[in-house]
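Trainee: Quick one, data-v5.cif (mmCIF, C-alpha atoms):
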data_target
#
loop_
_atom_site.label_atom_id
_atom_site.label_comp_id
_atom_site.auth_asym_id
_atom_site.auth_seq_id
_atom_site.Cartn_x
_atom_site.Cartn_y
_atom_site.Cartn_z
CA MET A 1 16.15 34.59 8.56
CA LYS A 2 17.62 32.53 11.37
CA LYS A 3 20.74 30.51 10.69
CA THR A 4 21.26 27.15 12.37
CA PHE A 5 24.20 26.85 14.75
CA LEU A 6 27.43 26.27 12.80
CA SER A 7 25.50 26.24 9.53
CA LEU A 8 27.93 28.68 7.99
CA THR A 9 30.84 26.29 7.79
CA LEU A 10 33.40 25.45 5.19
CA ALA A 11 32.99 21.98 3.90
CA THR A 12 29.47 20.61 3.57
CA LEU A 13 29.41 18.88 0.21
CA MET A 14 26.17 18.62 -1.72
CA VAL A 15 27.32 15.90 -4.08
CA SER A 16 24.33 16.28 -6.38
CA SER A 17 25.46 19.77 -7.35
CA LEU A 18 28.88 18.39 -8.32
CA ALA A 19 27.58 15.67 -10.61
CA ASN A 20 29.36 17.08 -13.64
CA ALA A 21 32.67 17.56 -11.88
CA VAL A 22 35.77 15.57 -12.77
CA PRO A 23 37.79 14.07 -9.88
CA SER A 24 41.43 15.05 -9.72
CA GLU A 25 44.06 12.40 -10.28
CA GLY A 26 45.46 11.05 -7.04
CA LYS A 27 42.33 11.78 -4.99
CA VAL A 28 40.57 8.50 -5.68
CA ARG A 29 40.37 5.19 -3.85
CA ALA A 30 38.47 3.09 -6.36
CA ASP A 31 38.55 0.08 -4.05
CA MET A 32 36.59 2.08 -1.47
CA GLY A 33 34.43 4.11 -3.84
CA ILE A 34 36.10 7.35 -2.75
CA THR A 35 36.42 10.25 -5.22
CA GLU A 36 36.94 13.99 -4.81
CA SER A 37 33.17 14.43 -5.13
CA ASN A 38 32.35 12.30 -2.08
CA LEU A 39 35.45 12.78 0.07
CA LEU A 40 33.41 14.02 3.03
CA ALA A 41 30.28 11.94 2.47
CA ALA A 42 28.85 9.78 5.25
CA ASP A 43 29.91 6.48 3.70
CA GLN A 44 33.50 7.65 3.15
CA ASN A 45 34.46 10.03 5.94
CA ARG A 46 35.04 7.33 8.55
CA TYR A 47 38.10 6.46 6.46
CA THR A 48 39.07 9.78 4.88
CA TYR A 49 39.10 11.75 8.15
CA LYS A 50 41.73 9.39 9.53
CA ASN A 51 43.77 9.30 6.31
CA MET A 52 43.58 12.74 4.71
CA GLN A 53 47.15 12.65 3.42
CA GLU A 54 46.10 9.97 0.94
CA PHE A 55 43.77 12.46 -0.71
CA MET A 56 45.01 15.99 -0.12
CA LYS A 57 48.16 18.03 -0.63
CA THR A 58 49.54 18.85 2.84
CA LYS A 59 52.37 20.52 4.76
CA ASN A 60 53.93 19.27 7.97
CA ILE A 61 53.58 21.05 11.31
CA ASP A 62 56.77 20.03 13.09
CA ALA A 63 56.64 18.89 16.72
CA GLY A 64 60.26 20.02 17.08
CA ALA A 65 63.05 18.63 19.23
CA MET A 66 61.27 18.95 22.56
CA ALA A 67 60.75 15.62 24.30
CA PRO A 68 57.08 14.60 24.10
CA ILE A 69 55.05 15.18 27.23
CA ILE A 70 53.20 11.99 28.08
CA LEU A 71 49.84 12.75 29.62
CA GLU A 72 49.41 11.37 33.13
CA SER A 73 46.30 9.55 34.27
CA ALA A 74 44.10 11.22 36.85
CA LYS A 75 43.61 9.30 40.08
CA ALA A 76 39.86 9.74 39.80
CA GLN A 77 38.60 8.39 36.49
CA LEU A 78 35.40 9.64 34.92
CA GLY A 79 33.66 6.28 34.67
CA SER A 80 30.09 6.12 33.43
CA VAL A 81 28.22 9.38 32.89
CA GLU A 82 24.47 9.73 32.78
CA PHE A 83 22.68 12.98 32.05
CA THR A 84 19.29 14.38 31.17
CA HIS A 85 18.76 16.27 27.94
CA ASN A 86 15.41 17.82 27.05
CA GLY A 87 13.79 15.63 29.69
CA LYS A 88 15.31 12.42 28.30
CA LYS A 89 17.85 10.31 30.17
CA MET A 90 21.02 9.57 28.22
CA ASP A 91 24.47 8.16 28.87
CA LEU A 92 27.85 9.15 27.48
CA GLN A 93 28.70 5.88 25.75
CA THR A 94 25.42 5.70 23.89
CA MET A 95 25.82 9.31 22.81
CA LEU A 96 29.38 8.80 21.54
CA LYS A 97 28.29 5.79 19.49
CA LYS A 98 25.29 7.70 18.15
CA HIS A 99 27.54 10.63 17.18
CA ARG A 100 30.09 8.34 15.49
CA ALA A 101 32.94 9.48 17.71
CA ASP A 102 36.47 8.45 16.73
CA ALA A 103 38.24 9.71 19.86
CA PHE A 104 37.12 11.20 23.18
CA ILE A 105 39.46 12.57 25.84
CA VAL A 106 38.70 14.39 29.08
CA LEU A 107 41.41 16.17 31.07
CA LYS A 108 40.93 17.31 34.65
CA ASP A 109 43.71 19.51 36.03
CA GLY A 110 45.88 18.49 33.09
CA LYS A 111 45.53 14.74 33.66
CA VAL A 112 43.55 12.16 31.72
CA ALA A 113 40.24 11.34 33.40
CA HIS A 114 38.94 9.52 30.32
CA GLU A 115 40.42 8.38 27.00
CA GLN A 116 38.65 6.29 24.42
CA TYR A 117 39.02 5.44 20.71
CA PHE A 118 36.57 4.01 18.19
CA ASP A 119 36.37 2.60 14.66
CA GLY A 120 40.03 1.66 14.36
CA GLN A 121 41.42 4.98 15.56
CA THR A 122 44.31 4.96 18.03
CA GLU A 123 46.31 7.49 20.03
CA ARG A 124 48.61 7.76 16.99
CA THR A 125 45.92 8.69 14.45
CA LYS A 126 46.00 12.19 12.97
CA HIS A 127 42.35 13.14 12.46
CA GLN A 128 40.86 15.87 10.27
CA MET A 129 39.68 18.73 12.50
CA MET A 130 37.81 20.99 10.06
CA SER A 131 37.01 24.42 11.59
CA VAL A 132 38.76 23.66 14.87
CA THR A 133 41.69 24.92 12.79
CA LYS A 134 40.19 28.41 12.94
CA SER A 135 40.78 28.64 16.67
CA PHE A 136 44.50 27.92 16.26
CA THR A 137 44.64 30.70 13.68
CA GLY A 138 42.77 33.04 16.00
CA ILE A 139 44.97 32.44 19.04
CA LEU A 140 48.08 32.99 16.92
CA ALA A 141 46.68 36.36 15.83
CA ALA A 142 45.80 37.20 19.45
CA THR A 143 49.40 36.30 20.36
CA LEU A 144 50.86 38.75 17.84
CA ILE A 145 48.48 41.43 19.13
CA ALA A 146 49.59 40.76 22.71
CA GLU A 147 53.22 41.06 21.62
CA GLY A 148 52.59 44.40 19.89
CA LYS A 149 53.38 43.01 16.44
CA LEU A 150 49.80 43.35 15.22
CA ASP A 151 47.12 45.97 15.85
CA ARG A 152 43.49 44.84 16.12
CA ASP A 153 42.44 48.26 14.78
CA ALA A 154 44.71 48.19 11.73
CA LEU A 155 43.01 47.98 8.34
CA VAL A 156 43.58 44.69 6.57
CA GLY A 157 44.48 46.44 3.32
CA THR A 158 47.46 48.12 4.99
CA ILE A 159 48.90 44.73 5.99
CA VAL A 160 47.92 42.68 2.95
CA PRO A 161 48.07 45.07 -0.04
CA GLU A 162 46.84 42.29 -2.32
CA LEU A 163 43.41 42.65 -0.66
CA LYS A 164 43.03 46.41 -1.26
CA GLY A 165 40.47 45.84 -4.02
CA SER A 166 38.40 43.42 -1.96
CA ALA A 167 35.79 43.61 0.80
CA TYR A 168 38.59 43.22 3.34
CA ALA A 169 40.50 46.40 2.46
CA ASP A 170 38.78 48.67 5.00
CA ALA A 171 37.89 46.04 7.61
CA THR A 172 39.96 45.98 10.77
CA VAL A 173 42.00 42.99 11.87
CA GLY A 174 39.76 42.63 14.93
CA GLN A 175 36.57 42.68 12.86
CA VAL A 176 37.85 39.86 10.66
CA MET A 177 39.09 37.88 13.68
CA ASP A 178 35.67 38.19 15.34
CA MET A 179 33.76 37.78 12.04
CA THR A 180 31.84 41.04 12.24
CA ASN A 181 33.10 42.34 8.88
CA ASN A 182 30.88 42.76 5.84
CA VAL A 183 31.70 40.32 3.04
CA LYS A 184 29.53 38.61 0.44
CA TYR A 185 30.08 34.90 0.91
CA SER A 186 27.19 32.59 0.11
CA GLU A 187 27.08 29.07 1.50
CA ALA A 188 23.94 28.10 -0.41
CA TYR A 189 24.89 24.52 -1.12
CA GLU A 190 22.14 24.05 -3.69
CA ASN A 191 23.90 26.65 -5.84
CA PRO A 192 27.17 25.37 -7.38
CA ASN A 193 28.10 28.96 -8.22
CA ALA A 194 28.05 30.05 -4.57
CA GLU A 195 31.27 31.41 -3.12
CA VAL A 196 31.59 28.43 -0.78
CA PHE A 197 32.06 26.10 -3.76
CA GLN A 198 34.69 28.36 -5.31
CA HIS A 199 36.49 28.36 -1.96
CA MET A 200 36.39 24.57 -1.71
CA LYS A 201 37.64 24.13 -5.26
CA THR A 202 40.83 26.05 -4.47
CA PHE A 203 42.09 23.38 -2.07
CA GLY A 204 40.38 20.21 -3.22
CA PHE A 205 37.27 19.64 -1.10
CA ALA A 206 35.32 20.11 -4.32
CA PRO A 207 36.57 19.33 -7.84
CA MET A 208 37.00 21.85 -10.64
CA GLU A 209 34.61 20.92 -13.44
CA ASP A 210 35.57 20.91 -17.10
CA GLY A 211 35.99 24.49 -18.33
CA TYR A 212 36.28 25.97 -14.83
CA ASN A 213 37.90 29.41 -15.06
CA GLY A 214 37.44 30.73 -11.54
CA PRO A 215 40.09 31.26 -8.84
CA LYS A 216 42.40 28.28 -8.46
CA THR A 217 44.15 29.16 -5.20
CA ILE A 218 43.00 30.38 -1.78
CA HIS A 219 44.61 33.80 -2.18
CA GLU A 220 43.17 34.27 -5.67
CA PHE A 221 39.73 33.51 -4.27
CA LEU A 222 40.01 35.90 -1.31
CA LYS A 223 40.87 38.79 -3.63
CA THR A 224 37.56 38.33 -5.49
CA LEU A 225 35.27 38.80 -2.47
CA GLU A 226 33.09 41.91 -2.29
CA LYS A 227 30.82 43.56 0.29
CA VAL A 228 27.08 43.11 0.70
CA GLY A 229 25.63 46.53 -0.09
CA ASP A 230 26.94 49.39 2.02
CA ARG A 231 26.54 47.84 5.49
CA PRO A 232 29.42 49.02 7.69
CA HIS A 233 31.90 46.54 9.08
CA GLY A 234 31.61 45.64 12.74
CA GLU A 235 27.83 45.65 13.20
CA GLU A 236 26.95 41.97 13.43
CA PHE A 237 28.47 38.51 13.54
CA HIS A 238 28.48 36.27 10.45
CA TYR A 239 30.48 33.06 10.45
CA ILE A 240 32.45 33.00 7.19
CA SER A 241 35.34 30.61 6.62
CA ALA A 242 37.10 32.94 4.18
CA ASN A 243 37.75 35.33 7.08
CA THR A 244 40.08 32.87 8.76
CA ASP A 245 42.17 32.43 5.64
CA VAL A 246 42.53 36.23 5.59
CA VAL A 247 43.70 36.16 9.22
CA ALA A 248 46.30 33.55 8.26
CA TRP A 249 47.47 35.72 5.37
CA ILE A 250 47.91 38.57 7.88
CA LEU A 251 49.94 36.27 10.15
CA GLU A 252 52.23 35.32 7.29
CA LYS A 253 52.78 38.95 6.31
CA VAL A 254 53.64 39.99 9.89
CA GLU A 255 55.86 37.01 10.67
CA GLY A 256 57.37 36.57 7.20
CA LYS A 257 56.81 32.83 7.47
CA SER A 258 54.30 30.26 6.27
CA PHE A 259 51.31 29.35 8.42
CA ASN A 260 52.57 25.83 9.13
CA GLN A 261 55.94 27.24 10.26
CA ILE A 262 54.22 29.74 12.58
CA MET A 263 52.06 26.97 14.01
CA SER A 264 55.11 24.82 14.65
CA GLU A 265 57.27 27.53 16.19
CA ARG A 266 54.56 29.16 18.30
CA ILE A 267 52.53 26.16 19.47
CA TRP A 268 53.25 22.66 18.22
CA SER A 269 56.95 22.48 19.08
CA LYS A 270 56.30 23.81 22.59
CA ILE A 271 53.38 21.76 23.92
CA GLY A 272 55.25 18.46 24.08
CA ALA A 273 53.38 17.01 21.10
CA GLU A 274 53.88 13.30 20.57
CA ARG A 275 53.47 13.57 16.80
CA ASP A 276 53.82 16.15 14.07
CA ALA A 277 50.53 17.55 12.82
CA PHE A 278 49.79 18.54 9.22
CA VAL A 279 47.61 21.02 7.38
CA ILE A 280 45.90 20.81 3.99
CA VAL A 281 47.28 23.26 1.40
CA ASP A 282 46.33 24.46 -2.08
CA GLU A 283 48.41 24.09 -5.23
CA GLU A 284 50.53 27.11 -4.27
CA GLY A 285 51.23 25.64 -0.85
CA THR A 286 48.96 28.08 1.00
CA SER A 287 47.59 26.49 4.16
CA LEU A 288 43.88 26.00 4.68
CA ALA A 289 43.93 27.85 8.00
CA SER A 290 40.13 27.78 8.13
CA GLY A 291 39.77 24.00 8.16
CA GLY A 292 42.82 21.92 7.27
CA LEU A 293 44.47 20.85 10.55
CA ASN A 294 45.00 17.13 11.23
CA ALA A 295 46.37 15.99 14.60
CA THR A 296 46.09 13.35 17.30
CA ALA A 297 43.52 13.69 20.06
CA ARG A 298 46.21 13.61 22.76
CA ASP A 299 48.13 16.51 21.22
CA LEU A 300 44.93 18.51 20.79
CA ALA A 301 44.24 17.91 24.47
CA LYS A 302 47.62 19.48 25.28
CA PHE A 303 46.60 22.54 23.29
CA GLY A 304 43.30 22.73 25.15
CA GLN A 305 45.16 22.50 28.45
CA LEU A 306 47.50 25.26 27.29
CA LEU A 307 44.43 27.49 27.03
CA ALA A 308 43.01 26.38 30.37
CA ASP A 309 46.39 27.09 32.00
CA GLN A 310 46.50 30.65 30.66
CA GLY A 311 49.15 29.95 28.03
CA LYS A 312 51.44 27.61 30.00
CA ASN A 313 52.36 24.13 28.79
CA LEU A 314 52.29 21.06 31.04
CA HIS A 315 55.84 21.85 32.21
CA GLY A 316 54.61 25.24 33.44
CA GLU A 317 56.43 27.19 30.73
CA GLN A 318 54.66 30.30 29.39
CA ILE A 319 54.15 29.49 25.70
CA LEU A 320 51.40 31.94 24.72
CA PRO A 321 50.91 35.38 26.29
CA ALA A 322 48.48 35.29 29.20
CA SER A 323 46.84 38.43 27.80
CA ALA A 324 46.05 36.61 24.52
CA ILE A 325 44.28 33.90 26.50
CA ALA A 326 42.49 36.49 28.65
CA SER A 327 41.27 38.30 25.53
CA THR A 328 39.83 35.05 24.19
CA GLN A 329 38.37 33.95 27.52
CA ALA A 330 36.56 37.28 27.89
CA GLY A 331 34.39 36.49 24.87
CA GLY A 332 32.96 38.82 22.27
CA SER A 333 29.73 40.79 21.87
CA PRO A 334 26.55 38.77 22.54
CA VAL A 335 24.58 41.63 20.95
CA LYS A 336 26.43 41.37 17.63
CA PHE A 337 26.21 37.57 17.82
CA GLU A 338 22.44 37.59 18.30
CA LYS A 339 21.98 40.32 15.70
CA GLY A 340 23.56 37.97 13.17
CA GLY A 341 20.61 35.61 13.65
CA TYR A 342 22.30 32.55 15.09
CA SER A 343 20.19 29.91 16.77
CA TYR A 344 20.76 26.63 18.52
CA ASP A 345 18.23 23.80 18.29
CA GLY A 346 15.54 26.30 17.37
CA ALA A 347 16.36 28.91 20.02
CA THR A 348 18.72 31.88 19.99
CA LEU A 349 22.08 31.16 21.61
CA GLU A 350 21.33 33.50 24.46
CA GLY A 351 24.46 35.16 25.73
CA TRP A 352 26.87 33.36 23.39
CA SER A 353 29.49 35.27 21.43
CA TYR A 354 32.50 34.83 19.14
CA ARG A 355 35.99 36.10 19.88
CA ASN A 356 39.40 35.38 18.34
CA GLN A 357 37.91 32.55 16.27
CA PHE A 358 36.43 30.74 19.28
CA TRP A 359 32.77 30.18 20.19
CA HIS A 360 32.17 31.51 23.71
CA THR A 361 29.39 30.24 26.00
CA ASN A 362 29.61 33.22 28.38
CA ASN A 363 28.44 30.81 31.09
CA GLU A 364 29.46 31.23 34.73
CA ASN A 365 32.69 29.28 34.09
CA GLN A 366 33.57 31.38 31.02
CA ALA A 367 33.93 28.20 28.96
CA TYR A 368 34.69 28.47 25.28
CA THR A 369 35.07 26.06 22.38
CA ALA A 370 36.79 25.34 19.10
CA LEU A 371 34.29 23.63 16.82
CA GLY A 372 34.44 21.85 13.49
CA ILE A 373 31.79 20.25 11.35
CA PHE A 374 31.13 16.52 11.43
CA GLY A 375 31.65 16.54 15.21
CA GLN A 376 35.07 18.05 16.07
CA TRP A 377 35.33 19.71 19.51
CA ILE A 378 37.86 21.28 21.85
CA TYR A 379 35.96 22.49 24.93
CA VAL A 380 37.84 24.51 27.54
CA ASP A 381 36.46 25.22 31.02
CA PRO A 382 39.11 27.40 32.67
CA THR A 383 37.24 27.63 35.97
CA GLU A 384 36.96 23.89 36.63
CA ASN A 385 40.16 23.20 34.65
CA VAL A 386 38.47 20.66 32.40
CA VAL A 387 39.28 20.08 28.72
CA VAL A 388 37.17 17.88 26.46
CA ILE A 389 38.34 16.67 23.04
CA ARG A 390 36.12 14.90 20.57
CA GLN A 391 37.03 13.75 17.08
CA ALA A 392 34.21 12.28 15.03
CA SER A 393 33.02 11.28 11.58
CA MET A 394 29.37 12.16 11.85
CA PRO A 395 27.19 11.36 8.81
CA THR A 396 26.05 14.98 8.47
CA SER A 397 28.10 18.15 8.76
CA ILE A 398 25.58 20.01 10.88
CA ASP A 399 23.30 18.50 13.51
CA ASP A 400 21.99 21.00 16.05
CA ALA A 401 20.28 18.32 18.13
CA LYS A 402 23.50 16.34 18.53
CA ASP A 403 25.46 19.51 19.37
CA ALA A 404 22.93 20.24 22.10
CA GLU A 405 23.32 16.69 23.45
CA MET A 406 27.09 17.15 23.49
CA ILE A 407 26.80 20.31 25.59
CA SER A 408 24.53 18.52 28.06
CA ALA A 409 27.04 15.67 28.27
CA ILE A 410 29.94 18.07 28.85
CA ASN A 411 28.04 19.84 31.63
CA ALA A 412 27.42 16.47 33.29
CA ILE A 413 31.10 15.53 32.95
CA ILE A 414 32.23 18.80 34.54
CA ASN A 415 29.78 18.39 37.42
CA LYS A 416 30.95 14.82 38.03
CA LEU A 417 34.62 15.85 38.12
CA LYS A 418 34.13 18.65 40.66
#
Using structure tokens, write down the structure that the file contains.
Mentor:
Amino acid sequence: MKKTFLSLTLATLMVSSLANAVPSEGKVRADMGITESNLLAADQNRYTYKNMQEFMKTKNIDAGAMAPIILESAKAQLGSVEFTHNGKKMDLQTMLKKHRADAFIVLKDGKVAHEQYFDGQTERTKHQMMSVTKSFTGILAATLIAEGKLDRDALVGTIVPELKGSAYADATVGQVMDMTNNVKYSEAYENPNAEVFQHMKTFGFAPMEDGYNGPKTIHEFLKTLEKVGDRPHGEEFHYISANTDVVAWILEKVEGKSFNQIMSERIWSKIGAERDAFVIVDEEGTSLASGGLNATARDLAKFGQLLADQGKNLHGEQILPASAIASTQAGGSPVKFEKGGYSYDGATLEGWSYRNQFWHTNNENQAYTALGIFGQWIYVDPTENVVVIRQASMPTSIDDAKDAEMISAINAIINKLK
């Protein structure tokens, strides 16, 4: 059975299956009709994605004492962009409106060629980034590997003993990072007993119904996961959000610090961020490393440029190991990716792969992306030195047709900026 592109994601809420759930105190805006059961719904997410701290428990990701780096404007601005997609002429502005964009930034050679905000968002707004968070987690793990602190071939159970009784015990770090491990994790949203709903309940994207006696924290949940039959790890790609939270647990064990501290020390305090970021956490304070990052578009652009510049910030300082970036930029196995049954707009993503928690195009420019549901993008083209950031509040979590339009638009942008 084919799986639609990005269909295996963390936080699609099927509100009908949660009809008997009881909203948690403090996660309600009665004046706006917002409850825990509809936090991500189309009529609410244009507000909630820009104001997640009103609804969720969070931890700060400190920008540190470094003076903010103010992005410079490129001499040549992008201007209007027209492109053809599936034989139909389109333009960038119409597409952004159609996709309910909240922010859109394009960097060329580290300078702003286009910056635009919508629906009340500004350059100061910290926006929910969903699974874009995964890519930060992945590059942090790649960094520890490059530094010799972490071994991609090490078994997860030897690093996180708490997972020895789970599906992760005999999977390697690299298999979990690249999502080729074998773990039973259903995202059948019509089934309220599916693992995805248990996962969401641990951090508040879905409420715990009366009498709920399942896992109440992220770590408790991860320890319950089992394998699917006897299929070996490492054979095929399956996008599973729980994997990223395991990677974060590994990071915390190796570094002896919390995820938000690692993020601050390794990345956020060194890119010249203009604002602190924050991450959603569960009741124990464990970060949702698979989907909880909230940050401004400008600061996310600085992260994207850090990748394009092989780990150097805009001051030219080496922040992340060049080898960690090279490992990511090389991409993963297209064979394992295709074997997992992933498709895009009805066709297999020919040549695509997944590596270090990034989606890799394997195109001639070796471009790769961090992606999150409801329209979150960080697109990095290291060859043309172009970074594209989009924050959005799309009405549906997954829309293959709109994702395909976005890729066509990005290709047109890159060609125009050459």
Trainee: Here's a test: counting all atoms listed in the file, identify every protein, DNA and RNA residue with an atom at most 6 Å from (40.6, 7.9, 32.8) in the file's coordinate frame, and state them as a ChimeraX atom specification.
Mentor: /A:77-78,112-115
Trainee: Give me the residues near range 365-382 of chain A as a ChimeraX atom specification, where near means some atom within 9 Å (using only C-alpha atoms) and where sequence neighbours in that chain fewer than 4 positions away do not count.
Mentor: /A:6-7,9-12,99-101,128-136,291,300-301,303-305,307-310,328-331,357-361,386-399,402-403,410,414
Trainee: To verify the selection step, state as a count of residues only which residues the PyMOL selection byres ((chain A and resi 409) around 10) yields on this input.
Mentor: 22
Trainee: Check which residues satisfy the PyMOL selection byres ((chain A and resi 277-280) around 9) in the file shown, then give them as a PyMOL selection string.
Mentor: chain A and resi 52-53+56-63+126+128+133+203+260+264+268+273+275-276+281-282+285-289+291-296+299
Trainee: For range 142-149 of chain A, find every residue with an atom within 12 Å (counting all atoms listed in the file), except residues of its own chain fewer than 4 positions away, and show them as an MDAnalysis selection string.
Mentor: chainID A and resid 135:138 153:154 159 173:174 177:178 247:248 250:256 262:263 266:267 311 319:329 355:358
Trainee: Would you output that residue set with C-alpha atoms, as a PDB file, keeping the file's coordinate frame?
Mentor:
ATOM      1  CA  SER A 135      40.780  28.640  16.670  1.00  0.00           C
ATOM      2  CA  PHE A 136      44.500  27.920  16.260  1.00  0.00           C
ATOM      3  CA  THR A 137      44.640  30.700  13.680  1.00  0.00           C
ATOM      4  CA  GLY A 138      42.770  33.040  16.000  1.00  0.00           C
ATOM      5  CA  ASP A 153      42.440  48.260  14.780  1.00  0.00           C
ATOM      6  CA  ALA A 154      44.710  48.190  11.730  1.00  0.00           C
ATOM      7  CA  ILE A 159      48.900  44.730   5.990  1.00  0.00           C
ATOM      8  CA  VAL A 173      42.000  42.990  11.870  1.00  0.00           C
ATOM      9  CA  GLY A 174      39.760  42.630  14.930  1.00  0.00           C
ATOM     10  CA  MET A 177      39.090  37.880  13.680  1.00  0.00           C
ATOM     11  CA  ASP A 178      35.670  38.190  15.340  1.00  0.00           C
ATOM     12  CA  VAL A 247      43.700  36.160   9.220  1.00  0.00           C
ATOM     13  CA  ALA A 248      46.300  33.550   8.260  1.00  0.00           C
ATOM     14  CA  ILE A 250      47.910  38.570   7.880  1.00  0.00           C
ATOM     15  CA  LEU A 251      49.940  36.270  10.150  1.00  0.00           C
ATOM     16  CA  GLU A 252      52.230  35.320   7.290  1.00  0.00           C
ATOM     17  CA  LYS A 253      52.780  38.950   6.310  1.00  0.00           C
ATOM     18  CA  VAL A 254      53.640  39.990   9.890  1.00  0.00           C
ATOM     19  CA  GLU A 255      55.860  37.010  10.670  1.00  0.00           C
ATOM     20  CA  GLY A 256      57.370  36.570   7.200  1.00  0.00           C
ATOM     21  CA  ILE A 262      54.220  29.740  12.580  1.00  0.00           C
ATOM     22  CA  MET A 263      52.060  26.970  14.010  1.00  0.00           C
ATOM     23  CA  ARG A 266      54.560  29.160  18.300  1.00  0.00           C
ATOM     24  CA  ILE A 267      52.530  26.160  19.470  1.00  0.00           C
ATOM     25  CA  GLY A 311      49.150  29.950  28.030  1.00  0.00           C
ATOM     26  CA  ILE A 319      54.150  29.490  25.700  1.00  0.00           C
ATOM     27  CA  LEU A 320      51.400  31.940  24.720  1.00  0.00           C
ATOM     28  CA  PRO A 321      50.910  35.380  26.290  1.00  0.00           C
ATOM     29  CA  ALA A 322      48.480  35.290  29.200  1.00  0.00           C
ATOM     30  CA  SER A 323      46.840  38.430  27.800  1.00  0.00           C
ATOM     31  CA  ALA A 324      46.050  36.610  24.520  1.00  0.00           C
ATOM     32  CA  ILE A 325      44.280  33.900  26.500  1.00  0.00           C
ATOM     33  CA  ALA A 326      42.490  36.490  28.650  1.00  0.00           C
ATOM     34  CA  SER A 327      41.270  38.300  25.530  1.00  0.00           C
ATOM     35  CA  THR A 328      39.830  35.050  24.190  1.00  0.00           C
ATOM     36  CA  GLN A 329      38.370  33.950  27.520  1.00  0.00           C
ATOM     37  CA  ARG A 355      35.990  36.100  19.880  1.00  0.00           C
ATOM     38  CA  ASN A 356      39.400  35.380  18.340  1.00  0.00           C
ATOM     39  CA  GLN A 357      37.910  32.550  16.270  1.00  0.00           C
ATOM     40  CA  PHE A 358      36.430  30.740  19.280  1.00  0.00           C
TER      41      PHE A 358
END
Trainee: Just to confirm, what's the straight-line distance from CA of Ala103 in chain A to CA of Ala206 in chain A in Å (one decimal)?
Mentor: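 It comes out at 26.5 Å.
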Trainee: Could you state which residues are captured by the PyMOL selection byres ((chain A and resi 55) around 9) in this file, as a PyMOL selection string?
Mentor: chain A and resi 26-29+35-36+39+48+51-54+56-57+204
Trainee: What would the file look like if the residues just selected were written as a PDB file, in the coordinates of the input with C-alpha atoms?
Mentor:
ATOM      1  CA  GLY A  26      45.460  11.050  -7.040  1.00  0.00           C
ATOM      2  CA  LYS A  27      42.330  11.780  -4.990  1.00  0.00           C
ATOM      3  CA  VAL A  28      40.570   8.500  -5.680  1.00  0.00           C
ATOM      4  CA  ARG A  29      40.370   5.190  -3.850  1.00  0.00           C
ATOM      5  CA  THR A  35      36.420  10.250  -5.220  1.00  0.00           C
ATOM      6  CA  GLU A  36      36.940  13.990  -4.810  1.00  0.00           C
ATOM      7  CA  LEU A  39      35.450  12.780   0.070  1.00  0.00           C
ATOM      8  CA  THR A  48      39.070   9.780   4.880  1.00  0.00           C
ATOM      9  CA  ASN A  51      43.770   9.300   6.310  1.00  0.00           C
ATOM     10  CA  MET A  52      43.580  12.740   4.710  1.00  0.00           C
ATOM     11  CA  GLN A  53      47.150  12.650   3.420  1.00  0.00           C
ATOM     12  CA  GLU A  54      46.100   9.970   0.940  1.00  0.00           C
ATOM     13  CA  MET A  56      45.010  15.990  -0.120  1.00  0.00           C
ATOM     14  CA  LYS A  57      48.160  18.030  -0.630  1.00  0.00           C
ATOM     15  CA  GLY A 204      40.380  20.210  -3.220  1.00  0.00           C
TER      16      GLY A 204
END
Trainee: What does the distance from CA of Val156 in chain A to CA of Gln175 in chain A come to in Å, to one decimal?
Mentor: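 We find that CA of Val156 in chain A and CA of Gln175 in chain A lie 9.6 Å from each other.
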Trainee: Just the number, please: distance in Å from CA of Leu155 in chain A to CA of His199 in chain A, one decimal.
Mentor: 23.1 Å
Trainee: Name all residues at most 6 Å from Gly272 in chain A (count all atoms listed in the file; drop same-chain ones fewer than 2 positions away) and give them as a PyMOL selection string.
Mentor: chain A and resi 68-69+270
Trainee: Contacts of Asp230 in chain A at 10 Å or less, counting all atoms listed in the file, minus same-chain residues fewer than 3 places along, as a ChimeraX atom specification?
Mentor: /A:182,227,233
Trainee: (36.9, 30.2, 3.9) in this file's frame - what residues fall within 7 Å of it? Use only C-alpha atoms and give the answer as a PyMOL selection string.
Mentor: chain A and resi 10+199+240-245+290
